[in-house]
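One structure is given below, encoded as C-alpha cells.
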Amino acid sequence: MKPPVFDYVSPATLEEAIQALSAPDDGDVKVLAGGQSLVPLLNLRLPQPGRIGDIKGLDELTGITEEAGYLTVGALVRQREAELSDVVRTACPLLHEAIPLIGHTAIRNRGTVGGSIAHADPAAELPTVAACLDAELVARGPGGERTIPAADFFTGFFTTALAEDEILTAVRVRSVGPATGAAYEEVARRHGDFAMAGVAAQVRLDGDTVAEARIAISGVDLAPVRATKAEAALAGRTVDDSILDEAADAAVADLSPSSDLHGSAAYRKHVAGVLIRKAVAAAAARAREAR
Amino acid sequence: MKTREITVTVNGRKRTVTVEVRRTLADFLREDLGLTATHLGCEHGVCGACTVVVDGHTERSCTQLAVQADGREITTVEGLAGPDGELHPVQQALRDNHSFQCGFCTPGFVMSIYGMCEEKKAGRSVPCSRAAIREELSGNICRCTGYQSIVDGAEAALAGAGSDTGKDA
C-alpha cells in the first residue's frame, strides 16, 4: 500500500512538461494533476511508472472562461472550483449537476476536471459529461496543439486518444442557450462510489417539443456510451411517459454491459433504462423552466 | 530524482525537509514529522481517516504525495486545539456529544467537520440538516458504526459555527 519507486519531475512550463514526457528514459511516464485517481492506484502499485510528471506548476492550465459561445475549463481546474463556479452553472448546467456526484468534498477539493477526463474511467461522471456534450478536448504535444472531439477521445477502458507525449490542457463545450436543461442521474452503492450506471442528459426545447436531446451512459461499456437512438427517438416529440419509455428501450437495446460483484448485466441494463427516463424527464422539466 | 527538498507550513510551523518523492503526505506527516494523529485506514481515499486541511480546504493526505504539498499550508488535528490545550469548538462539540467509540476514525471526522464549519463561516452555503450532514460525511467511515453521535456532534459544531468567532453558544 505504498507507491513504487519512480523518478519525479515538476516542470514549470507546458513546454518543459511535454519535453519531460517525450524523453522517457526508463518505463512509462505518467502525468500527475490532482492525483485523486493516480495516487490511489500508485498506492495499490497497479501502475509502475518510470517517471511522474507533476503538472501542478502549469498555471496556463487553470482558469474558467466563457467566450464567443464556448465555455473553456482549464485541465487543472479543481472539480470543487468548477462545482462552485457561477460561470459553469449558467454556461454548462450539466457539468454543474454532475460534479457533486464525484467522490466527496475532500476528493473534489483536489481532483481536477482534466485529470478525471484523461483518466477515462468508464464509470466516472466527467468523461460521460464530455461524451454527452461532444466536448472538445484540447491537447498539446511536441507537434503543437490539437482539438480532439469527445467521440474520438475515449477509445477504450481507461484509454484515450492522447499520445504518450501529449497533455490535456483544456475542455471546451458550447455554452447552453435558452430553453435548455440538464440532469445527471446515477446509481451507486454509496455516495461517492463508482456508479453501477449513470446517465447524463441535456434537452433543448422548441415550444413543447424536443429540439435536441443529448444522452450519454456511464458504467455499461468500456467507455461512456452516447445513446444516439434514444436521442433520435426524442427529437421533435413532446416528453411524456410513453416517449420516455420508447427512448429508454431504444438506448438499452444496444447495451451489453458486463456482470460483476456489484451488479449483473441485466440489472445494469435495467438501471440504465430507469436512469434515462429520470434524467431526460428532469432535463426537460428544467428546460421548460428556462424558456 | 528520487528525493526532493520541500518546504511546508504544518500547524503554523514552517519546515524544510528532504523526502522521498514517493512518500505520501500522510506518511510524511506521520513518519517524518511525528504527527501521528492523522490516521491511515484504506490508503486509497475511501475511508477519510487521513483527512487534513491544505490551504484552507479538506483533502486526503493518503492520496497525495508530500512533494505535491510543497509550498502549501497544512493543518492536522494536532493544530486545532489552543496553545494551552483548550479544545477547538469542533472538538468540544464532538466531545460533548460523545462522538467517539474506538477513536480511530475520529481525526478524519474532526477535520471534515472543521472543514464544513470553515466553509460555513466563509459564507458558503453548507446544508446543515441531519440528512445533509450524513451525505457530506459519507466520505468518512466509522467501523464502530457510531454515526448517530458523530452526526449529533457535527450538528452541534455547525450550529456553533454561524459567527466569525466559531465559538459554541
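Going by the C-alpha cells order, chains are called A, B, ..., each with residues numbered from 1, while ligands are numbered from 1 in the order shown.
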
Write out as a Markdown table the residues of chain B that have any atom within 7 Å of an atom of chain A, one row each with the nearest atom pair and its distance in Å to one decimal, counting only C-alpha atoms, sorted by chain and then rising number.
```
| residue | atom | partner | partner_atom | distance |
| --- | --- | --- | --- | --- |
| B:Met1 | CA | A:Asp7 | CA | 5.1 |
| B:Lys2 | CA | A:Asp7 | CA | 5.4 |
| B:Val21 | CA | A:Tyr8 | CA | 6.5 |
| B:Arg22 | CA | A:Pro3 | CA | 5.7 |
| B:Glu43 | CA | A:Met1 | CA | 6.7 |
| B:His44 | CA | A:Pro40 | CA | 4.4 |
| B:Gly45 | CA | A:Pro40 | CA | 6.7 |
| B:His57 | CA | A:Asn109 | CA | 6.6 |
| B:Thr58 | CA | A:Ala106 | CA | 5.0 |
| B:Glu59 | CA | A:Ala106 | CA | 4.4 |
| B:Arg60 | CA | A:Ala106 | CA | 6.2 |
| B:Thr63 | CA | A:Val39 | CA | 5.1 |
| B:Gln64 | CA | A:Gly35 | CA | 6.1 |
| B:Ser138 | CA | A:His191 | CA | 6.6 |
| B:Gly139 | CA | A:His104 | CA | 5.6 |
```

Could you please take those selected residues and save N, CA and C atoms as a CSV table (one decimal), in the first residue's frame?
```
chain,number,residue,atom,x,y,z
B,1,MET,N,14.7,12.2,-10.4
B,1,MET,CA,15.1,12.4,-9.0
B,1,MET,C,14.3,11.6,-8.0
B,2,LYS,N,14.9,10.9,-7.1
B,2,LYS,CA,14.1,10.1,-6.2
B,2,LYS,C,13.8,10.8,-4.9
B,21,VAL,N,10.4,11.0,-3.1
B,21,VAL,CA,9.3,11.6,-3.9
B,21,VAL,C,8.1,10.7,-3.8
B,22,ARG,N,8.3,9.4,-3.5
B,22,ARG,CA,7.1,8.5,-3.5
B,22,ARG,C,6.4,8.5,-2.1
B,43,GLU,N,-5.9,3.8,2.7
B,43,GLU,CA,-4.8,4.2,1.8
B,43,GLU,C,-5.2,4.3,0.4
B,44,HIS,N,-6.5,4.4,0.1
B,44,HIS,CA,-6.8,4.8,-1.3
B,44,HIS,C,-8.0,5.8,-1.4
B,45,GLY,N,-8.1,6.6,-0.4
B,45,GLY,CA,-9.1,7.7,-0.5
B,45,GLY,C,-10.5,7.4,-0.2
B,57,HIS,N,-8.6,24.0,2.6
B,57,HIS,CA,-9.6,23.0,2.1
B,57,HIS,C,-9.3,21.6,2.6
B,58,THR,N,-10.3,20.8,2.9
B,58,THR,CA,-10.1,19.4,3.3
B,58,THR,C,-9.6,18.7,2.1
B,59,GLU,N,-8.6,17.8,2.4
B,59,GLU,CA,-8.0,17.0,1.4
B,59,GLU,C,-7.6,15.7,2.0
B,60,ARG,N,-7.5,14.6,1.2
B,60,ARG,CA,-7.0,13.3,1.7
B,60,ARG,C,-5.4,13.4,1.7
B,63,THR,N,-3.8,10.3,-0.5
B,63,THR,CA,-3.9,10.2,-2.0
B,63,THR,C,-3.2,11.5,-2.6
B,64,GLN,N,-2.2,12.0,-1.9
B,64,GLN,CA,-1.3,13.0,-2.5
B,64,GLN,C,0.1,12.7,-2.0
B,138,SER,N,-20.3,11.2,4.3
B,138,SER,CA,-20.2,9.9,3.7
B,138,SER,C,-18.8,9.5,3.3
B,139,GLY,N,-18.0,10.5,3.2
B,139,GLY,CA,-16.6,10.2,2.8
B,139,GLY,C,-15.7,9.9,4.0
```

Shell of 12 Å around stretch 258-274 of chain A, only C-alpha atoms, local chain residues under 2 positions omitted, as a VMD selection string: chain A and resid 123 184 to 190 193 to 200 215 to 222 225 227 230 241 244 to 256 276 to 281

Residues as selected, N, CA and C atoms, written as a tab-separated table (two decimals), in the first residue's frame, can you do that?
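Here's the written file selection.tsv:
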```tsv
chain	number	residue	atom	x	y	z
A	123	ALA	N	-16.90	4.55	-15.63
A	123	ALA	CA	-17.98	4.78	-14.68
A	123	ALA	C	-17.99	6.21	-14.16
A	184	TYR	N	-28.07	14.86	-14.31
A	184	TYR	CA	-27.18	13.70	-14.23
A	184	TYR	C	-27.72	12.80	-13.14
A	185	GLU	N	-28.04	11.57	-13.51
A	185	GLU	CA	-28.58	10.60	-12.55
A	185	GLU	C	-27.66	9.40	-12.51
A	186	GLU	N	-27.39	8.88	-11.31
A	186	GLU	CA	-26.60	7.66	-11.25
A	186	GLU	C	-27.00	6.81	-10.06
A	187	VAL	N	-26.65	5.53	-10.14
A	187	VAL	CA	-26.89	4.61	-9.03
A	187	VAL	C	-25.55	4.06	-8.59
A	188	ALA	N	-25.25	4.29	-7.31
A	188	ALA	CA	-24.02	3.75	-6.71
A	188	ALA	C	-24.41	3.17	-5.36
A	189	ARG	N	-23.64	2.20	-4.88
A	189	ARG	CA	-23.97	1.58	-3.59
A	189	ARG	C	-23.95	2.60	-2.47
A	190	ARG	N	-22.94	3.46	-2.49
A	190	ARG	CA	-22.83	4.53	-1.51
A	190	ARG	C	-22.49	5.80	-2.26
A	193	ASP	N	-19.14	6.35	-4.37
A	193	ASP	CA	-18.62	5.14	-5.01
A	193	ASP	C	-18.73	5.29	-6.53
A	194	PHE	N	-17.99	4.44	-7.23
A	194	PHE	CA	-18.15	4.41	-8.67
A	194	PHE	C	-19.55	3.91	-8.99
A	195	ALA	N	-20.18	4.56	-9.96
A	195	ALA	CA	-21.57	4.24	-10.27
A	195	ALA	C	-21.67	2.91	-11.01
A	196	MET	N	-22.73	2.15	-10.71
A	196	MET	CA	-23.02	0.95	-11.49
A	196	MET	C	-23.49	1.36	-12.88
A	197	ALA	N	-24.25	2.44	-12.90
A	197	ALA	CA	-24.64	3.05	-14.18
A	197	ALA	C	-25.00	4.51	-13.89
A	198	GLY	N	-24.79	5.35	-14.87
A	198	GLY	CA	-25.15	6.76	-14.73
A	198	GLY	C	-25.60	7.29	-16.08
A	199	VAL	N	-26.41	8.36	-16.04
A	199	VAL	CA	-26.90	8.94	-17.29
A	199	VAL	C	-26.78	10.46	-17.23
A	200	ALA	N	-26.14	11.02	-18.25
A	200	ALA	CA	-26.08	12.46	-18.43
A	200	ALA	C	-27.07	12.81	-19.54
A	215	ILE	N	-27.76	12.43	-24.77
A	215	ILE	CA	-27.77	11.45	-23.67
A	215	ILE	C	-26.49	10.63	-23.75
A	216	ALA	N	-25.82	10.46	-22.60
A	216	ALA	CA	-24.69	9.54	-22.54
A	216	ALA	C	-24.81	8.69	-21.28
A	217	ILE	N	-24.32	7.46	-21.38
A	217	ILE	CA	-24.48	6.49	-20.29
A	217	ILE	C	-23.10	6.06	-19.81
A	218	SER	N	-22.93	6.00	-18.47
A	218	SER	CA	-21.66	5.55	-17.90
A	218	SER	C	-21.81	4.16	-17.30
A	219	GLY	N	-20.70	3.47	-17.17
A	219	GLY	CA	-20.67	2.23	-16.41
A	219	GLY	C	-21.20	1.00	-17.12
A	220	VAL	N	-21.55	1.13	-18.40
A	220	VAL	CA	-22.16	-0.01	-19.09
A	220	VAL	C	-21.30	-0.53	-20.24
A	221	ASP	N	-20.14	0.06	-20.43
A	221	ASP	CA	-19.26	-0.39	-21.52
A	221	ASP	C	-17.83	0.03	-21.17
A	222	LEU	N	-16.92	-0.15	-22.09
A	222	LEU	CA	-15.51	0.17	-21.83
A	222	LEU	C	-15.26	1.68	-21.80
A	225	VAL	N	-21.07	5.75	-23.28
A	225	VAL	CA	-21.81	5.42	-24.49
A	225	VAL	C	-22.78	6.54	-24.80
A	227	ALA	N	-26.13	7.68	-26.37
A	227	ALA	CA	-27.37	6.96	-26.71
A	227	ALA	C	-28.05	7.63	-27.90
A	230	ALA	N	-31.79	6.81	-28.67
A	230	ALA	CA	-32.73	7.45	-27.74
A	230	ALA	C	-32.86	8.93	-28.08
A	241	ASP	N	-44.57	10.10	-20.68
A	241	ASP	CA	-44.14	8.78	-20.21
A	241	ASP	C	-43.88	7.81	-21.35
A	244	LEU	N	-40.68	8.61	-23.15
A	244	LEU	CA	-39.54	8.28	-22.29
A	244	LEU	C	-39.26	6.77	-22.34
A	245	ASP	N	-40.34	5.98	-22.29
A	245	ASP	CA	-40.17	4.52	-22.38
A	245	ASP	C	-39.53	4.15	-23.71
A	246	GLU	N	-40.03	4.78	-24.77
A	246	GLU	CA	-39.52	4.47	-26.11
A	246	GLU	C	-38.02	4.79	-26.20
A	247	ALA	N	-37.64	5.96	-25.67
A	247	ALA	CA	-36.23	6.37	-25.72
A	247	ALA	C	-35.36	5.42	-24.88
A	248	ALA	N	-35.84	5.09	-23.68
A	248	ALA	CA	-35.06	4.22	-22.80
A	248	ALA	C	-34.89	2.84	-23.42
A	249	ASP	N	-35.99	2.33	-23.98
A	249	ASP	CA	-35.91	0.99	-24.60
A	249	ASP	C	-34.92	1.00	-25.77
A	250	ALA	N	-34.97	2.09	-26.57
A	250	ALA	CA	-34.07	2.18	-27.73
A	250	ALA	C	-32.61	2.18	-27.27
A	251	ALA	N	-32.33	2.92	-26.17
A	251	ALA	CA	-30.94	3.01	-25.71
A	251	ALA	C	-30.48	1.68	-25.12
A	252	VAL	N	-31.33	1.08	-24.32
A	252	VAL	CA	-30.94	-0.13	-23.58
A	252	VAL	C	-30.75	-1.32	-24.51
A	253	ALA	N	-31.51	-1.37	-25.60
A	253	ALA	CA	-31.41	-2.50	-26.53
A	253	ALA	C	-30.00	-2.66	-27.07
A	254	ASP	N	-29.28	-1.56	-27.18
A	254	ASP	CA	-27.93	-1.61	-27.75
A	254	ASP	C	-26.84	-1.88	-26.72
A	255	LEU	N	-27.20	-1.92	-25.43
A	255	LEU	CA	-26.17	-2.05	-24.40
A	255	LEU	C	-25.83	-3.51	-24.13
A	256	SER	N	-24.55	-3.78	-23.89
A	256	SER	CA	-24.18	-5.12	-23.43
A	256	SER	C	-23.14	-4.99	-22.31
A	276	ILE	N	-32.30	6.76	-17.62
A	276	ILE	CA	-32.57	7.56	-18.83
A	276	ILE	C	-33.92	8.27	-18.67
A	277	ARG	N	-34.93	7.50	-18.22
A	277	ARG	CA	-36.25	8.13	-18.03
A	277	ARG	C	-36.14	9.29	-17.04
A	278	LYS	N	-35.48	9.04	-15.90
A	278	LYS	CA	-35.40	10.07	-14.86
A	278	LYS	C	-34.62	11.29	-15.34
A	279	ALA	N	-33.47	11.04	-15.96
A	279	ALA	CA	-32.59	12.15	-16.35
A	279	ALA	C	-33.23	12.99	-17.45
A	280	VAL	N	-33.84	12.33	-18.45
A	280	VAL	CA	-34.45	13.09	-19.55
A	280	VAL	C	-35.65	13.87	-19.04
A	281	ALA	N	-36.46	13.24	-18.16
A	281	ALA	CA	-37.62	13.95	-17.61
A	281	ALA	C	-37.17	15.18	-16.83
```

Could you pull out the strand (DSSP E) residues of stretch 66-287 of chain A from DSSP and send them as a count of residues only? 62

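Atom CA of A:Pro93 to atom CA of A:Glu125 spans 13.6 Å [interatomic distance, one decimal].
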
Got a sec: who's within 12 Å of B:Asp32, counting only C-alpha atoms, leaving out chain neighbours fewer than 5 positions off, as a compact mmCIF listing (two decimals) with C-alpha atoms, in the first residue's frame?
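out09.txt, written as the output of this step:
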```txt
# COMPACT_ATOMS: atom_id res chain seq x y z
CA ARG B 15 9.51 23.02 7.92
CA THR B 16 12.01 22.23 5.20
CA VAL B 17 12.58 18.50 4.79
CA THR B 18 14.10 16.23 2.16
CA VAL B 19 11.60 13.50 1.31
CA GLU B 20 11.48 10.50 -0.94
CA ARG B 23 6.29 9.46 0.14
CA THR B 24 2.59 10.22 0.60
CA LEU B 25 1.67 13.35 2.55
CA ALA B 26 0.14 11.12 5.24
CA ASP B 27 3.36 9.15 5.72
CA ALA B 66 4.35 15.05 0.02
```

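Taking atom CA of B:Val90 as the reference point, atom CA of A:Thr112 is found at 29.1 Å.
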
Show which residues sit within 8 Å of A:Ala91, as a PyMOL selection string. Count only C-alpha atoms, and ignore same-chain residues fewer than 4 positions away. chain A and resi 66+71+87+174-176

Restricted to N, CA and C atoms, what would the selected residues look like written as a compact mmCIF listing (two decimals), in the first residue's frame?
```
# COMPACT_ATOMS: atom_id res chain seq x y z
N GLU A 66 -15.61 32.02 -20.32
CA GLU A 66 -16.68 31.85 -21.31
C GLU A 66 -16.50 32.95 -22.35
N LEU A 71 -17.63 27.59 -23.36
CA LEU A 71 -17.07 27.55 -22.02
C LEU A 71 -15.77 26.75 -22.09
N VAL A 87 -20.15 30.76 -13.52
CA VAL A 87 -19.98 30.68 -14.98
C VAL A 87 -20.33 29.27 -15.46
N ARG A 174 -19.83 23.93 -25.84
CA ARG A 174 -20.67 25.03 -26.28
C ARG A 174 -21.56 25.48 -25.10
N SER A 175 -21.63 26.77 -24.85
CA SER A 175 -22.50 27.28 -23.79
C SER A 175 -23.95 27.01 -24.16
N VAL A 176 -24.77 26.73 -23.16
CA VAL A 176 -26.17 26.45 -23.48
C VAL A 176 -26.92 27.75 -23.74
```

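When DSSP reads the backbone of this structure, the residues of stretch 33-100 of chain B it assigns to helix (DSSP H, G or I) are Ala66, Val67, Gln68, Ala69, Val77, Glu78, Gly79, Pro89, Val90, Gln91, Gln92, Ala93, Leu94, Arg95 and Asp96 of chain B.
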
Include N, CA and C atoms and write out the residues we just selected as a compact mmCIF listing (two decimals), in the first residue's frame.
```txt
# COMPACT_ATOMS: atom_id res chain seq x y z
N ALA B 66 3.82 13.92 -0.76
CA ALA B 66 4.35 15.05 0.02
C ALA B 66 4.89 16.13 -0.92
N VAL B 67 5.52 15.72 -2.03
CA VAL B 67 6.08 16.72 -2.95
C VAL B 67 5.00 17.58 -3.59
N GLN B 68 3.76 17.05 -3.68
CA GLN B 68 2.67 17.86 -4.23
C GLN B 68 2.28 18.98 -3.26
N ALA B 69 2.58 18.78 -1.98
CA ALA B 69 2.20 19.77 -0.97
C ALA B 69 3.29 20.82 -0.76
N VAL B 77 -5.08 17.51 12.80
CA VAL B 77 -5.92 17.62 14.00
C VAL B 77 -5.10 18.11 15.20
N GLU B 78 -3.78 17.89 15.16
CA GLU B 78 -2.94 18.40 16.26
C GLU B 78 -2.92 19.93 16.29
N GLY B 79 -3.28 20.55 15.16
CA GLY B 79 -3.19 22.00 15.07
C GLY B 79 -4.44 22.73 15.49
N PRO B 89 -13.66 24.57 19.16
CA PRO B 89 -15.11 24.39 19.27
C PRO B 89 -15.62 23.10 18.60
N VAL B 90 -15.02 22.72 17.49
CA VAL B 90 -15.45 21.48 16.82
C VAL B 90 -15.12 20.27 17.72
N GLN B 91 -13.94 20.27 18.28
CA GLN B 91 -13.56 19.17 19.18
C GLN B 91 -14.47 19.14 20.40
N GLN B 92 -14.76 20.34 20.92
CA GLN B 92 -15.61 20.42 22.12
C GLN B 92 -17.01 19.89 21.81
N ALA B 93 -17.54 20.27 20.65
CA ALA B 93 -18.89 19.82 20.28
C ALA B 93 -18.92 18.30 20.14
N LEU B 94 -17.87 17.73 19.58
CA LEU B 94 -17.83 16.27 19.43
C LEU B 94 -17.67 15.60 20.79
N ARG B 95 -16.88 16.22 21.65
CA ARG B 95 -16.69 15.65 22.99
C ARG B 95 -18.02 15.68 23.76
N ASP B 96 -18.71 16.83 23.67
CA ASP B 96 -19.97 16.97 24.39
C ASP B 96 -21.00 15.94 23.94
```

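Using only C-alpha atoms, the residues found no farther than 12 Å from B:Phe100, other than those of its own chain fewer than 4 positions away, are B:Gln91, B:Ala93, B:Leu94, B:Arg95, B:Asp96, B:Phe104, B:Cys105, B:Thr106, B:Pro107, B:Gly108, B:Phe109, B:Val110, B:Cys142, B:Arg143, B:Cys144, B:Thr145, B:Gly146, B:Tyr147, B:Gln148, B:Ser149, B:Ile150, B:Val151, B:Asp152, B:Gly153, B:Ala154.
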
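Using only C-alpha atoms, the contacts of A:Ser22 at a cut-off of 12 Å, with sequence neighbours closer than 6 positions omitted, comprise Glu15, Glu16, Asp28, Val29, Lys30, Val31, Arg51, Gly53, Arg140, Gly141, Pro142, Gly143, Ala163, Glu164, Asp165, Glu166 and Ile167 of chain A.
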
Those residues you just picked out, can you put them in a file as a PDB file, in the first residue's frame with C-alpha atoms?
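File produced: part-v2.pdb:
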```pdb
ATOM      1  CA  GLU A  15       6.925  23.128 -22.984  1.00  0.00           C
ATOM      2  CA  GLU A  16       9.092  21.594 -20.273  1.00  0.00           C
ATOM      3  CA  ASP A  28       6.129   4.679 -18.653  1.00  0.00           C
ATOM      4  CA  VAL A  29       5.653   8.324 -17.896  1.00  0.00           C
ATOM      5  CA  LYS A  30       2.522   9.340 -16.011  1.00  0.00           C
ATOM      6  CA  VAL A  31       1.093  12.838 -15.765  1.00  0.00           C
ATOM      7  CA  ARG A  51       8.696   8.743 -14.208  1.00  0.00           C
ATOM      8  CA  GLY A  53       5.484  14.497 -14.361  1.00  0.00           C
ATOM      9  CA  ARG A 140      -0.647  19.853 -26.540  1.00  0.00           C
ATOM     10  CA  GLY A 141       2.256  17.740 -27.691  1.00  0.00           C
ATOM     11  CA  PRO A 142       5.619  18.235 -29.394  1.00  0.00           C
ATOM     12  CA  GLY A 143       3.771  18.914 -32.667  1.00  0.00           C
ATOM     13  CA  ALA A 163      -0.411  10.244 -27.285  1.00  0.00           C
ATOM     14  CA  GLU A 164       2.262   9.388 -24.698  1.00  0.00           C
ATOM     15  CA  ASP A 165       3.797  12.829 -25.093  1.00  0.00           C
ATOM     16  CA  GLU A 166       0.557  14.813 -25.140  1.00  0.00           C
ATOM     17  CA  ILE A 167      -1.052  16.660 -22.247  1.00  0.00           C
TER      18      ILE A 167
END
```

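Distances here use only C-alpha atoms; by that measure, the residue among B:Gly115, B:Pro127, B:Gly162, B:Gly71 closest to B:Val8 is B:Gly71.
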
List the neighbours of A:Ala223 out to 8 Å using only C-alpha atoms; skip same-chain residues closer than 4 positions along the sequence, and give me the result as a PyMOL selection string. chain A and resi 120-123+154-158+218-219

Take the residues from that selection and write them out as a compact mmCIF listing (two decimals), in the first residue's frame, keeping N, CA and C atoms.
```
# COMPACT_ATOMS: atom_id res chain seq x y z
N ALA A 120 -10.18 8.64 -17.81
CA ALA A 120 -11.14 7.90 -18.65
C ALA A 120 -11.70 6.65 -18.00
N ASP A 121 -12.09 6.79 -16.73
CA ASP A 121 -12.82 5.69 -16.09
C ASP A 121 -14.22 5.64 -16.70
N PRO A 122 -14.65 4.49 -17.23
CA PRO A 122 -15.96 4.44 -17.89
C PRO A 122 -17.14 4.65 -16.95
N ALA A 123 -16.90 4.55 -15.63
CA ALA A 123 -17.98 4.78 -14.68
C ALA A 123 -17.99 6.21 -14.16
N PHE A 154 -12.35 9.03 -26.16
CA PHE A 154 -12.43 7.86 -25.29
C PHE A 154 -12.39 6.61 -26.15
N THR A 155 -11.23 5.98 -26.20
CA THR A 155 -11.04 4.89 -27.16
C THR A 155 -11.21 3.52 -26.52
N GLY A 156 -11.32 3.44 -25.22
CA GLY A 156 -11.49 2.14 -24.57
C GLY A 156 -11.38 2.26 -23.07
N PHE A 157 -11.20 1.13 -22.42
CA PHE A 157 -11.15 1.03 -20.97
C PHE A 157 -9.95 1.82 -20.44
N PHE A 158 -10.19 2.91 -19.74
CA PHE A 158 -9.11 3.77 -19.22
C PHE A 158 -8.13 4.17 -20.32
N SER A 218 -22.93 6.00 -18.47
CA SER A 218 -21.66 5.55 -17.90
C SER A 218 -21.81 4.16 -17.30
N GLY A 219 -20.70 3.47 -17.17
CA GLY A 219 -20.67 2.23 -16.41
C GLY A 219 -21.20 1.00 -17.12
```

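Among the candidate residues B:Ser61, B:Thr51, B:Thr9, B:Ser125, the one lying nearest to B:Phe28 is B:Ser61, with distances computed using only C-alpha atoms.
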
Measure the distance from atom CA of A:Ala233 to atom CA of A:Thr209 in Å and round it to one decimal. 11.9 Å

Taking only C-alpha atoms into account, name the residue in A:Thr169, A:Ala23, A:Leu162, A:Ala130 that is nearest to A:Leu94. A:Ala130
